[in-house]
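Here's protein_16.pdb, which has PDB, C-alpha atoms, pLDDT in the B column:
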```pdb
ATOM      1  CA  MET A   1       9.624   2.262  31.013  1.00 44.00           C
ATOM      2  CA  PRO A   2       8.824   3.122  27.422  1.00 44.00           C
ATOM      3  CA  MET A   3      10.915   1.446  24.784  1.00 47.00           C
ATOM      4  CA  ALA A   4      12.595   3.564  22.173  1.00 47.00           C
ATOM      5  CA  THR A   5      11.675   2.743  18.597  1.00 48.00           C
ATOM      6  CA  GLU A   6      14.431   2.793  16.054  1.00 51.00           C
ATOM      7  CA  GLN A   7      13.599   4.349  12.712  1.00 59.00           C
ATOM      8  CA  GLN A   8      15.260   2.339   9.992  1.00 73.00           C
ATOM      9  CA  THR A   9      16.576   4.505   7.197  1.00 85.00           C
ATOM     10  CA  ILE A  10      17.998   3.800   3.776  1.00 89.00           C
ATOM     11  CA  SER A  11      21.759   4.189   3.441  1.00 90.00           C
ATOM     12  CA  TRP A  12      21.715   6.276   0.292  1.00 94.00           C
ATOM     13  CA  LYS A  13      24.849   6.623  -1.747  1.00 95.00           C
ATOM     14  CA  ARG A  14      25.509   9.929  -3.509  1.00 95.00           C
ATOM     15  CA  ASP A  15      27.729   8.691  -6.337  1.00 96.00           C
ATOM     16  CA  LEU A  16      26.502   6.390  -9.060  1.00 97.00           C
ATOM     17  CA  ASP A  17      29.731   4.759 -10.216  1.00 97.00           C
ATOM     18  CA  PRO A  18      30.651   3.201  -6.830  1.00 97.00           C
ATOM     19  CA  ALA A  19      27.042   2.062  -6.537  1.00 98.00           C
ATOM     20  CA  LEU A  20      27.299   0.277  -9.876  1.00 98.00           C
ATOM     21  CA  ASP A  21      30.493  -1.402  -8.635  1.00 98.00           C
ATOM     22  CA  ASP A  22      28.620  -2.545  -5.518  1.00 98.00           C
ATOM     23  CA  ALA A  23      25.722  -3.791  -7.631  1.00 97.00           C
ATOM     24  CA  ARG A  24      28.092  -5.894  -9.716  1.00 97.00           C
ATOM     25  CA  ALA A  25      29.781  -7.289  -6.620  1.00 97.00           C
ATOM     26  CA  GLN A  26      26.503  -8.054  -4.843  1.00 96.00           C
ATOM     27  CA  GLY A  27      24.485  -9.283  -7.815  1.00 96.00           C
ATOM     28  CA  ARG A  28      21.906  -6.550  -7.253  1.00 97.00           C
ATOM     29  CA  TYR A  29      20.412  -3.743  -9.231  1.00 97.00           C
ATOM     30  CA  VAL A  30      20.657  -0.014  -8.510  1.00 98.00           C
ATOM     31  CA  VAL A  31      17.734   2.222  -7.680  1.00 98.00           C
ATOM     32  CA  ILE A  32      18.483   5.881  -8.298  1.00 98.00           C
ATOM     33  CA  ASP A  33      16.145   8.491  -6.854  1.00 97.00           C
ATOM     34  CA  PHE A  34      16.153  11.947  -8.410  1.00 97.00           C
ATOM     35  CA  SER A  35      14.670  13.778  -5.468  1.00 95.00           C
ATOM     36  CA  ALA A  36      13.639  17.175  -4.194  1.00 94.00           C
ATOM     37  CA  ALA A  37      12.503  15.856  -0.817  1.00 89.00           C
ATOM     38  CA  PRO A  38      13.950  17.418   2.365  1.00 82.00           C
ATOM     39  CA  THR A  39      17.150  15.693   3.412  1.00 72.00           C
TER      40      THR A  39
ATOM     41  CA  MET B   1      12.188  10.377   2.126  1.00 63.00           C
ATOM     42  CA  TYR B   2      10.440   7.034   2.430  1.00 80.00           C
ATOM     43  CA  PRO B   3       8.633   7.042   5.795  1.00 82.00           C
ATOM     44  CA  ASP B   4       7.049   3.621   5.363  1.00 91.00           C
ATOM     45  CA  PRO B   5       9.355   0.952   6.856  1.00 93.00           C
ATOM     46  CA  ARG B   6       8.176  -1.586   4.279  1.00 95.00           C
ATOM     47  CA  VAL B   7       9.666   0.574   1.530  1.00 96.00           C
ATOM     48  CA  THR B   8      12.907   0.977   3.461  1.00 95.00           C
ATOM     49  CA  ARG B   9      13.115  -2.768   4.011  1.00 95.00           C
ATOM     50  CA  PHE B  10      12.414  -3.577   0.362  1.00 96.00           C
ATOM     51  CA  VAL B  11      15.037  -1.150  -0.918  1.00 97.00           C
ATOM     52  CA  ASP B  12      17.624  -2.409   1.567  1.00 95.00           C
ATOM     53  CA  GLN B  13      16.951  -6.036   0.722  1.00 95.00           C
ATOM     54  CA  HIS B  14      16.962  -5.749  -3.045  1.00 96.00           C
ATOM     55  CA  TYR B  15      18.813  -2.687  -4.257  1.00 97.00           C
ATOM     56  CA  VAL B  16      21.924  -0.568  -4.031  1.00 98.00           C
ATOM     57  CA  PRO B  17      20.287   2.836  -3.424  1.00 97.00           C
ATOM     58  CA  VAL B  18      21.518   6.140  -4.848  1.00 97.00           C
ATOM     59  CA  ARG B  19      19.939   9.522  -4.244  1.00 96.00           C
ATOM     60  CA  VAL B  20      20.630  12.590  -6.355  1.00 97.00           C
ATOM     61  CA  HIS B  21      19.122  15.691  -4.811  1.00 96.00           C
ATOM     62  CA  VAL B  22      17.998  18.497  -7.061  1.00 95.00           C
ATOM     63  CA  ARG B  23      19.444  21.242  -4.832  1.00 95.00           C
ATOM     64  CA  ASP B  24      22.041  19.588  -2.587  1.00 95.00           C
ATOM     65  CA  GLN B  25      23.723  17.911  -5.575  1.00 95.00           C
ATOM     66  CA  ALA B  26      22.825  20.373  -8.286  1.00 95.00           C
ATOM     67  CA  GLU B  27      25.741  19.478 -10.595  1.00 96.00           C
ATOM     68  CA  ASP B  28      25.155  15.722 -10.259  1.00 96.00           C
ATOM     69  CA  PHE B  29      21.449  16.247 -10.803  1.00 96.00           C
ATOM     70  CA  LYS B  30      22.117  18.225 -13.950  1.00 96.00           C
ATOM     71  CA  ARG B  31      24.598  15.702 -15.346  1.00 97.00           C
ATOM     72  CA  LEU B  32      22.787  12.475 -14.430  1.00 97.00           C
ATOM     73  CA  GLY B  33      19.380  13.986 -15.045  1.00 97.00           C
ATOM     74  CA  ALA B  34      20.433  14.837 -18.586  1.00 97.00           C
ATOM     75  CA  HIS B  35      21.959  11.404 -19.108  1.00 97.00           C
ATOM     76  CA  TYR B  36      18.818   9.568 -17.972  1.00 98.00           C
ATOM     77  CA  GLY B  37      16.238  12.112 -19.088  1.00 97.00           C
ATOM     78  CA  ALA B  38      15.042  12.808 -15.553  1.00 96.00           C
ATOM     79  CA  GLN B  39      13.399  16.220 -15.683  1.00 91.00           C
ATOM     80  CA  TRP B  40      10.977  15.910 -12.799  1.00 93.00           C
ATOM     81  CA  THR B  41      11.056  14.818  -9.185  1.00 95.00           C
ATOM     82  CA  PRO B  42      10.617  12.284  -7.950  1.00 96.00           C
ATOM     83  CA  THR B  43      11.970  10.179 -10.787  1.00 98.00           C
ATOM     84  CA  ILE B  44      13.116   6.756  -9.661  1.00 98.00           C
ATOM     85  CA  LEU B  45      15.015   4.511 -12.044  1.00 98.00           C
ATOM     86  CA  VAL B  46      16.007   0.890 -11.743  1.00 98.00           C
ATOM     87  CA  LEU B  47      19.409   0.369 -13.356  1.00 98.00           C
ATOM     88  CA  ASP B  48      21.265  -2.813 -14.071  1.00 97.00           C
ATOM     89  CA  ALA B  49      24.878  -3.089 -12.958  1.00 96.00           C
ATOM     90  CA  LYS B  50      26.029  -1.525 -16.234  1.00 97.00           C
ATOM     91  CA  GLY B  51      23.935   1.563 -15.555  1.00 98.00           C
ATOM     92  CA  THR B  52      21.287   0.765 -18.158  1.00 98.00           C
ATOM     93  CA  GLU B  53      17.777   1.858 -17.244  1.00 98.00           C
ATOM     94  CA  ARG B  54      15.355  -1.061 -16.856  1.00 98.00           C
ATOM     95  CA  HIS B  55      12.355   0.572 -15.177  1.00 98.00           C
ATOM     96  CA  ARG B  56      11.117   4.097 -14.482  1.00 98.00           C
ATOM     97  CA  ILE B  57       8.781   5.471 -11.802  1.00 98.00           C
ATOM     98  CA  GLU B  58       7.749   9.120 -12.052  1.00 97.00           C
ATOM     99  CA  GLY B  59       5.735  10.878  -9.348  1.00 96.00           C
ATOM    100  CA  PHE B  60       4.757   9.898  -5.815  1.00 94.00           C
ATOM    101  CA  LEU B  61       2.919   6.659  -5.128  1.00 95.00           C
ATOM    102  CA  PRO B  62       1.425   5.128  -1.980  1.00 95.00           C
ATOM    103  CA  ALA B  63       3.778   2.647  -0.318  1.00 95.00           C
ATOM    104  CA  ASP B  64       2.087  -0.521  -1.609  1.00 95.00           C
ATOM    105  CA  ASP B  65       2.108   0.716  -5.182  1.00 96.00           C
ATOM    106  CA  PHE B  66       5.656   1.971  -4.891  1.00 96.00           C
ATOM    107  CA  ILE B  67       6.915  -1.373  -3.585  1.00 97.00           C
ATOM    108  CA  ALA B  68       5.095  -3.107  -6.424  1.00 97.00           C
ATOM    109  CA  GLN B  69       6.802  -0.793  -8.926  1.00 98.00           C
ATOM    110  CA  LEU B  70      10.199  -1.458  -7.354  1.00 98.00           C
ATOM    111  CA  ALA B  71       9.466  -5.175  -7.636  1.00 98.00           C
ATOM    112  CA  LEU B  72       8.554  -4.687 -11.304  1.00 98.00           C
ATOM    113  CA  GLY B  73      11.980  -3.188 -11.826  1.00 98.00           C
ATOM    114  CA  ILE B  74      13.624  -6.404 -10.653  1.00 98.00           C
ATOM    115  CA  GLY B  75      11.477  -8.386 -13.057  1.00 98.00           C
ATOM    116  CA  HIS B  76      12.210  -6.125 -16.001  1.00 98.00           C
ATOM    117  CA  ALA B  77      15.931  -6.165 -15.272  1.00 98.00           C
ATOM    118  CA  ALA B  78      15.958  -9.977 -15.110  1.00 97.00           C
ATOM    119  CA  PHE B  79      13.949 -10.124 -18.351  1.00 98.00           C
ATOM    120  CA  ALA B  80      16.389  -7.799 -20.136  1.00 98.00           C
ATOM    121  CA  GLU B  81      19.238 -10.089 -19.064  1.00 96.00           C
ATOM    122  CA  GLY B  82      17.459 -13.094 -20.580  1.00 98.00           C
ATOM    123  CA  GLN B  83      16.727 -14.619 -17.175  1.00 97.00           C
ATOM    124  CA  PHE B  84      13.207 -15.523 -18.195  1.00 98.00           C
ATOM    125  CA  ASP B  85      12.491 -18.040 -15.414  1.00 98.00           C
ATOM    126  CA  ALA B  86      13.556 -15.572 -12.738  1.00 98.00           C
ATOM    127  CA  ALA B  87      11.622 -12.781 -14.430  1.00 98.00           C
ATOM    128  CA  GLU B  88       8.451 -14.879 -14.613  1.00 98.00           C
ATOM    129  CA  ARG B  89       8.725 -15.812 -10.932  1.00 98.00           C
ATOM    130  CA  GLN B  90       9.191 -12.171 -10.002  1.00 98.00           C
ATOM    131  CA  PHE B  91       6.261 -10.999 -12.122  1.00 98.00           C
ATOM    132  CA  ARG B  92       3.923 -13.711 -10.781  1.00 98.00           C
ATOM    133  CA  GLU B  93       4.855 -12.837  -7.224  1.00 98.00           C
ATOM    134  CA  ILE B  94       3.850  -9.231  -7.921  1.00 98.00           C
ATOM    135  CA  VAL B  95       0.495 -10.373  -9.318  1.00 97.00           C
ATOM    136  CA  GLU B  96      -0.207 -12.330  -6.142  1.00 97.00           C
ATOM    137  CA  ARG B  97       1.159  -9.803  -3.637  1.00 96.00           C
ATOM    138  CA  HIS B  98      -0.191  -6.653  -5.262  1.00 94.00           C
ATOM    139  CA  PRO B  99      -3.440  -7.712  -6.928  1.00 92.00           C
ATOM    140  CA  SER B 100      -5.042  -4.284  -6.754  1.00 88.00           C
ATOM    141  CA  SER B 101      -2.095  -2.250  -7.997  1.00 90.00           C
ATOM    142  CA  ASP B 102      -1.406  -1.021 -11.521  1.00 92.00           C
ATOM    143  CA  ALA B 103       1.796  -3.013 -11.307  1.00 97.00           C
ATOM    144  CA  GLY B 104      -0.200  -6.228 -10.930  1.00 97.00           C
ATOM    145  CA  ALA B 105      -1.663  -5.930 -14.415  1.00 97.00           C
ATOM    146  CA  GLU B 106       1.711  -5.066 -15.943  1.00 98.00           C
ATOM    147  CA  ALA B 107       3.289  -7.974 -14.083  1.00 98.00           C
ATOM    148  CA  LEU B 108       0.667 -10.430 -15.362  1.00 98.00           C
ATOM    149  CA  TYR B 109       1.369  -9.343 -18.941  1.00 98.00           C
ATOM    150  CA  TRP B 110       5.126  -9.690 -18.590  1.00 98.00           C
ATOM    151  CA  ALA B 111       4.836 -12.990 -16.720  1.00 98.00           C
ATOM    152  CA  GLY B 112       3.177 -14.378 -19.837  1.00 98.00           C
ATOM    153  CA  VAL B 113       5.809 -12.895 -22.113  1.00 98.00           C
ATOM    154  CA  SER B 114       8.594 -14.235 -19.883  1.00 98.00           C
ATOM    155  CA  ARG B 115       7.101 -17.730 -19.994  1.00 98.00           C
ATOM    156  CA  TYR B 116       6.814 -17.535 -23.764  1.00 98.00           C
ATOM    157  CA  LYS B 117      10.375 -16.264 -24.173  1.00 98.00           C
ATOM    158  CA  GLY B 118      11.682 -18.961 -21.834  1.00 98.00           C
ATOM    159  CA  THR B 119       9.795 -21.883 -23.359  1.00 98.00           C
ATOM    160  CA  GLY B 120       8.790 -20.878 -26.874  1.00 97.00           C
ATOM    161  CA  ASP B 121       5.328 -22.171 -26.056  1.00 97.00           C
ATOM    162  CA  ALA B 122       2.680 -19.899 -27.568  1.00 95.00           C
ATOM    163  CA  ALA B 123       0.172 -21.295 -25.094  1.00 97.00           C
ATOM    164  CA  ALA B 124       1.820 -19.007 -22.545  1.00 98.00           C
ATOM    165  CA  LEU B 125       0.370 -16.023 -24.363  1.00 98.00           C
ATOM    166  CA  ALA B 126      -3.075 -17.548 -24.854  1.00 98.00           C
ATOM    167  CA  ASP B 127      -3.152 -18.497 -21.167  1.00 98.00           C
ATOM    168  CA  THR B 128      -2.249 -14.949 -20.240  1.00 98.00           C
ATOM    169  CA  ALA B 129      -5.030 -13.539 -22.403  1.00 98.00           C
ATOM    170  CA  ARG B 130      -7.430 -15.881 -20.629  1.00 97.00           C
ATOM    171  CA  ASP B 131      -6.114 -14.746 -17.236  1.00 97.00           C
ATOM    172  CA  PHE B 132      -6.879 -11.172 -18.235  1.00 97.00           C
ATOM    173  CA  SER B 133     -10.495 -12.108 -18.862  1.00 95.00           C
ATOM    174  CA  GLU B 134     -10.740 -12.831 -15.134  1.00 94.00           C
ATOM    175  CA  ARG B 135      -8.729  -9.968 -13.619  1.00 94.00           C
ATOM    176  CA  PHE B 136      -7.383  -6.539 -14.503  1.00 95.00           C
ATOM    177  CA  GLN B 137      -9.981  -6.412 -17.310  1.00 94.00           C
ATOM    178  CA  GLU B 138     -10.118  -2.619 -17.511  1.00 94.00           C
ATOM    179  CA  THR B 139      -6.406  -2.045 -17.925  1.00 96.00           C
ATOM    180  CA  SER B 140      -4.328  -1.245 -20.986  1.00 96.00           C
ATOM    181  CA  TRP B 141      -2.404  -4.461 -20.300  1.00 97.00           C
ATOM    182  CA  ALA B 142      -5.583  -6.478 -20.798  1.00 97.00           C
ATOM    183  CA  LYS B 143      -6.092  -4.730 -24.129  1.00 97.00           C
ATOM    184  CA  LYS B 144      -2.537  -5.525 -25.167  1.00 97.00           C
ATOM    185  CA  ALA B 145      -2.981  -9.187 -24.201  1.00 98.00           C
ATOM    186  CA  SER B 146      -6.307  -9.434 -26.039  1.00 97.00           C
ATOM    187  CA  VAL B 147      -4.526 -10.090 -29.358  1.00 97.00           C
ATOM    188  CA  TRP B 148      -3.309 -13.385 -27.905  1.00 97.00           C
ATOM    189  CA  ARG B 149      -6.809 -14.793 -27.460  1.00 93.00           C
ATOM    190  CA  LYS B 150      -7.406 -18.070 -29.219  1.00 80.00           C
TER     191      LYS B 150
END
```
What is this file in structure tokens?
Amino acid sequence: MPMATEQQTISWKRDLDPALDDARAQGRYVVIDFSAAPT
Amino acid sequence: MYPDPRVTRFVDQHYVPVRVHVRDQAEDFKRLGAHYGAQWTPTILVLDAKGTERHRIEGFLPADDFIAQLALGIGHAAFAEGQFDAAERQFREIVERHPSSDAGAEALYWAGVSRYKGTGDAAALADTARDFSERFQETSWAKKASVWRK
């Protein structure tokens, strides 16, 4: 029986300010992607 | 989209990711694009937690090069915060993991600067210039480091 493969995807946020709050809380940086790629 | 799972993993492990789509979020794109000077897609910025830009990637890159650029962003952000030991470690890891990427040469340069800033030892710069005589010789970073030769 073939096994299904799970495609891992990035959980993009749409709003910057909550992302900055998360970055502060998690001690991380933010990567912001200005994109025209199909969603 | 980022089809390469290595990119997905790297972003998930190291960053809080935000996407602003040129059509689906036209107002956000206009506002944030103006704020950060993003006039082309893809433009990828690494921001610190205050929203200050620390690294910029414009245009598509192969996965290895893109990961190396994302890693550079972590190094530059640490450097800007005065975390010179952490920045040097990050930059040296990029040199070793991505030796054939453009980011490798940039990382070698900034590893030397980070060591100098952290220790005040000018030998860090001379050592870096010597390192550039053995690798990344044809890059602009090697030219920049050449003034440090003893």
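We find CA of Trp12 in chain A and CA of Gln69 in chain B to be spaced 18.9 Å apart.
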Exercise for the section: I would like the residues chosen by the PyMOL selection byres ((chain A) within 7 of (chain B)) on the shown file; could you give them as a PyMOL selection string? Expected result: chain A and resi 8-10+12-16+19-20+23-24+28-37
Problem - Selection dump of the PyMOL selection byres ((chain B and resi 102) around 12), as a PyMOL selection string - result: chain B and resi 61-62+64-69+72+94-95+98-101+103-109+135-142
Since we have the selection now, will you write its residues out, keeping C-alpha atoms, as a compact mmCIF listing (two decimals), in the coordinates of the input?
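Okay, again17.txt is ready:
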```txt
# COMPACT_ATOMS: atom_id res chain seq x y z
CA LEU B 61 2.92 6.66 -5.13
CA PRO B 62 1.42 5.13 -1.98
CA ASP B 64 2.09 -0.52 -1.61
CA ASP B 65 2.11 0.72 -5.18
CA PHE B 66 5.66 1.97 -4.89
CA ILE B 67 6.92 -1.37 -3.58
CA ALA B 68 5.10 -3.11 -6.42
CA GLN B 69 6.80 -0.79 -8.93
CA LEU B 72 8.55 -4.69 -11.30
CA ILE B 94 3.85 -9.23 -7.92
CA VAL B 95 0.50 -10.37 -9.32
CA HIS B 98 -0.19 -6.65 -5.26
CA PRO B 99 -3.44 -7.71 -6.93
CA SER B 100 -5.04 -4.28 -6.75
CA SER B 101 -2.10 -2.25 -8.00
CA ALA B 103 1.80 -3.01 -11.31
CA GLY B 104 -0.20 -6.23 -10.93
CA ALA B 105 -1.66 -5.93 -14.42
CA GLU B 106 1.71 -5.07 -15.94
CA ALA B 107 3.29 -7.97 -14.08
CA LEU B 108 0.67 -10.43 -15.36
CA TYR B 109 1.37 -9.34 -18.94
CA ARG B 135 -8.73 -9.97 -13.62
CA PHE B 136 -7.38 -6.54 -14.50
CA GLN B 137 -9.98 -6.41 -17.31
CA GLU B 138 -10.12 -2.62 -17.51
CA THR B 139 -6.41 -2.04 -17.92
CA SER B 140 -4.33 -1.25 -20.99
CA TRP B 141 -2.40 -4.46 -20.30
CA ALA B 142 -5.58 -6.48 -20.80
```
Kindly extract all protein, DNA and RNA residues lying within 12 Å of the coordinates (15.6, -13.5, -20.7) given in the file, considering all atoms listed in the file, and supply them as a PDB file with C-alpha atoms, keeping the file's coordinate frame.
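Generated output (point_13.pdb):
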```
ATOM      1  CA  GLY B  75      11.477  -8.386 -13.057  1.00 98.00           C
ATOM      2  CA  HIS B  76      12.210  -6.125 -16.001  1.00 98.00           C
ATOM      3  CA  ALA B  77      15.931  -6.165 -15.272  1.00 98.00           C
ATOM      4  CA  ALA B  78      15.958  -9.977 -15.110  1.00 97.00           C
ATOM      5  CA  PHE B  79      13.949 -10.124 -18.351  1.00 98.00           C
ATOM      6  CA  ALA B  80      16.389  -7.799 -20.136  1.00 98.00           C
ATOM      7  CA  GLU B  81      19.238 -10.089 -19.064  1.00 96.00           C
ATOM      8  CA  GLY B  82      17.459 -13.094 -20.580  1.00 98.00           C
ATOM      9  CA  GLN B  83      16.727 -14.619 -17.175  1.00 97.00           C
ATOM     10  CA  PHE B  84      13.207 -15.523 -18.195  1.00 98.00           C
ATOM     11  CA  ASP B  85      12.491 -18.040 -15.414  1.00 98.00           C
ATOM     12  CA  ALA B  86      13.556 -15.572 -12.738  1.00 98.00           C
ATOM     13  CA  ALA B  87      11.622 -12.781 -14.430  1.00 98.00           C
ATOM     14  CA  GLU B  88       8.451 -14.879 -14.613  1.00 98.00           C
ATOM     15  CA  TRP B 110       5.126  -9.690 -18.590  1.00 98.00           C
ATOM     16  CA  ALA B 111       4.836 -12.990 -16.720  1.00 98.00           C
ATOM     17  CA  VAL B 113       5.809 -12.895 -22.113  1.00 98.00           C
ATOM     18  CA  SER B 114       8.594 -14.235 -19.883  1.00 98.00           C
ATOM     19  CA  ARG B 115       7.101 -17.730 -19.994  1.00 98.00           C
ATOM     20  CA  TYR B 116       6.814 -17.535 -23.764  1.00 98.00           C
ATOM     21  CA  LYS B 117      10.375 -16.264 -24.173  1.00 98.00           C
ATOM     22  CA  GLY B 118      11.682 -18.961 -21.834  1.00 98.00           C
ATOM     23  CA  THR B 119       9.795 -21.883 -23.359  1.00 98.00           C
ATOM     24  CA  GLY B 120       8.790 -20.878 -26.874  1.00 97.00           C
TER      25      GLY B 120
END
```
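The spacing separating CA of His35 in chain B from CA of Asp21 in chain A amounts to 18.6 Å.
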Is there a way to complete range 17-28 of chain A with N, CA and C atoms and then write that out as a PDB file, in the coordinates of the input?
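The resulting file, out08.pdb, is reproduced below:
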```pdb
ATOM      1  N   ASP A  17      28.747   5.752  -9.768  1.00 97.00           N
ATOM      2  CA  ASP A  17      29.731   4.759 -10.216  1.00 97.00           C
ATOM      3  C   ASP A  17      30.102   3.746  -9.124  1.00 97.00           C
ATOM      4  N   PRO A  18      30.383   4.201  -7.885  1.00 97.00           N
ATOM      5  CA  PRO A  18      30.651   3.201  -6.830  1.00 97.00           C
ATOM      6  C   PRO A  18      29.439   2.312  -6.559  1.00 97.00           C
ATOM      7  N   ALA A  19      28.253   2.866  -6.741  1.00 98.00           N
ATOM      8  CA  ALA A  19      27.042   2.062  -6.537  1.00 98.00           C
ATOM      9  C   ALA A  19      26.939   0.960  -7.593  1.00 98.00           C
ATOM     10  N   LEU A  20      27.307   1.300  -8.819  1.00 98.00           N
ATOM     11  CA  LEU A  20      27.299   0.277  -9.876  1.00 98.00           C
ATOM     12  C   LEU A  20      28.329  -0.811  -9.575  1.00 98.00           C
ATOM     13  N   ASP A  21      29.488  -0.409  -9.047  1.00 98.00           N
ATOM     14  CA  ASP A  21      30.493  -1.402  -8.635  1.00 98.00           C
ATOM     15  C   ASP A  21      29.923  -2.326  -7.573  1.00 98.00           C
ATOM     16  N   ASP A  22      29.228  -1.736  -6.578  1.00 98.00           N
ATOM     17  CA  ASP A  22      28.620  -2.545  -5.518  1.00 98.00           C
ATOM     18  C   ASP A  22      27.565  -3.481  -6.093  1.00 98.00           C
ATOM     19  N   ALA A  23      26.777  -2.965  -7.032  1.00 97.00           N
ATOM     20  CA  ALA A  23      25.722  -3.791  -7.631  1.00 97.00           C
ATOM     21  C   ALA A  23      26.328  -5.005  -8.329  1.00 97.00           C
ATOM     22  N   ARG A  24      27.415  -4.775  -9.048  1.00 97.00           N
ATOM     23  CA  ARG A  24      28.092  -5.894  -9.716  1.00 97.00           C
ATOM     24  C   ARG A  24      28.602  -6.900  -8.691  1.00 97.00           C
ATOM     25  N   ALA A  25      29.200  -6.402  -7.626  1.00 97.00           N
ATOM     26  CA  ALA A  25      29.781  -7.289  -6.620  1.00 97.00           C
ATOM     27  C   ALA A  25      28.707  -8.066  -5.859  1.00 97.00           C
ATOM     28  N   GLN A  26      27.552  -7.450  -5.672  1.00 96.00           N
ATOM     29  CA  GLN A  26      26.503  -8.054  -4.843  1.00 96.00           C
ATOM     30  C   GLN A  26      25.429  -8.759  -5.667  1.00 96.00           C
ATOM     31  N   GLY A  27      25.521  -8.675  -6.988  1.00 96.00           N
ATOM     32  CA  GLY A  27      24.485  -9.283  -7.815  1.00 96.00           C
ATOM     33  C   GLY A  27      23.136  -8.620  -7.640  1.00 96.00           C
ATOM     34  N   ARG A  28      23.158  -7.309  -7.430  1.00 97.00           N
ATOM     35  CA  ARG A  28      21.906  -6.550  -7.253  1.00 97.00           C
ATOM     36  C   ARG A  28      21.747  -5.547  -8.378  1.00 97.00           C
TER      37      ARG A  28
END
```
